[in-house]
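Have a look at the structure below, then the notes.
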Amino acid sequence: MLFRSEVALWDLAGKRHGVPIYELLGGASRDTIPVYNTCIGSDPIADNRRFLEDAGSLAAELIDEGFGCMKIWPFDAFAAPSHGQLLSNSDLDAGLAPVRAIRDRVGGSIGIAIELHGFWNLPCALTIADALQPYRVQWIEEALSPESLGAQVAFAKACHAPVVSGERLVSRFAFRGLLEAGGATIVNPDLTWTGGLGELKRIATMAEAFRIPVKPHNEGGPVHHVAAMHVAANVPSLYLLEMIRHNT
């Protein structure tokens with residue numbers, strides 16, 4: 001409810017002054033917003049199935065559509081049996097298969113982002129990160145659940161790829177702790193969960209002081225998506241904006 005009320009107030013203010021919301025936030029920092037595709041979807045755009053079954057052709061298709069990065073989660077299925085406490089060598093190799101398929105098909109023409117959904121303990125997350133290193137992934141996201149800041153910091157220090165965290169944090173006060181501790185190299189606040197456009201803007205501005213870019217978590221409905229676009233148009237520290245082509 002807070003998110004909807006806050007966005008509605010920004011919308012009313014924009015209409016009153018006859019300007020888009022990004023102008024109320026301070027103006028546009030860019031003419032276009034760089035995006036990546038999170039591979040969620042169902043028929044006829046079943047990206048969530050295709051990245052497991054035919055990742056190479058999916059990557060080629062996304063490149064043809066102009067995407068420079070795709071996010072996948074090929075290790076999730078192997079977390080359930082042990083609740084993320086143990087990862088066998090065979091499961092690790094199976095999780096790497098879609099990543100290999102993408103690199104074999106398109107080389108480095110598209111970035112590969114790996115989502116771990118916070119399912120793993122620290123040793124397993126580090127094992128996955130080490131195994132991914134030869135494939136030059138663009139980032140690893142939510143390797144650990146956010147309850148343990150110390151574990152997040154340990155992972156960020158050991159991981160060779162950029163580390164994304166923050167989608168389950170609420171308000172700039174939680175992000176301050178993450179930034180000061182060095183628990184992420186990119187933050188991904190969710191506009192809905194953290195309180196709206198204003199709070200997302202404040203988090204991005206605070207992260208900029210740490211030289212940390214922002215990649216808003218953006219898997220909500222059309223209102224969420226448009227609201228996130230206004231913030232993405234404004235903040236200088238934008239890394240990429242998440243989108244799901246199935247929803248467009």
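Here, A, B, ... name the chains of the structure tokens in the order displayed, residue numbers run from 1 inside each chain, and ligands are numbered from 1 in the same displayed order.
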
**Report entry** Selection: 7 Å around stretch 104-110 of chain A, only C-alpha atoms, excl. self and same-chain fewer than 5 positions, as a count of residues only
**Finding:** 5

Which residues of stretch 144-176 of chain A come within 9 Å of stretch 215-239 of chain A, and for each one, what is the closest pair of atoms and their distance in Å to one decimal, counting only C-alpha atoms, sorted by chain and residue number, as JSON lines?
{"residue": "A:Val164", "atom": "CA", "partner": "A:Lys215", "partner_atom": "CA", "distance": 8.3}
{"residue": "A:Gly166", "atom": "CA", "partner": "A:His217", "partner_atom": "CA", "distance": 8.8}
{"residue": "A:Glu167", "atom": "CA", "partner": "A:His217", "partner_atom": "CA", "distance": 6.1}

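Interatomic distance, atom CA of A:Gly177 to atom CA of A:Leu191: 18.5 Å.
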
**Report entry** Closest of A:Ala156, A:Gly95, A:Phe75, A:Leu87 to A:Leu116 - atom-to-atom distances counting only C-alpha atoms
**Finding:** A:Phe75

Query - Counting only C-alpha atoms, the residue of A:Ala174, A:Leu179, A:Ala97, A:Ala77 that sits nearest A:Glu199 - result: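 Among the listed residues, A:Ala174 lies closest to A:Glu199.
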
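With distances restricted to only C-alpha atoms, A:Val153 is the closest residue to A:Glu180 from A:Val153, A:Ala46, A:Leu122, A:Leu58.
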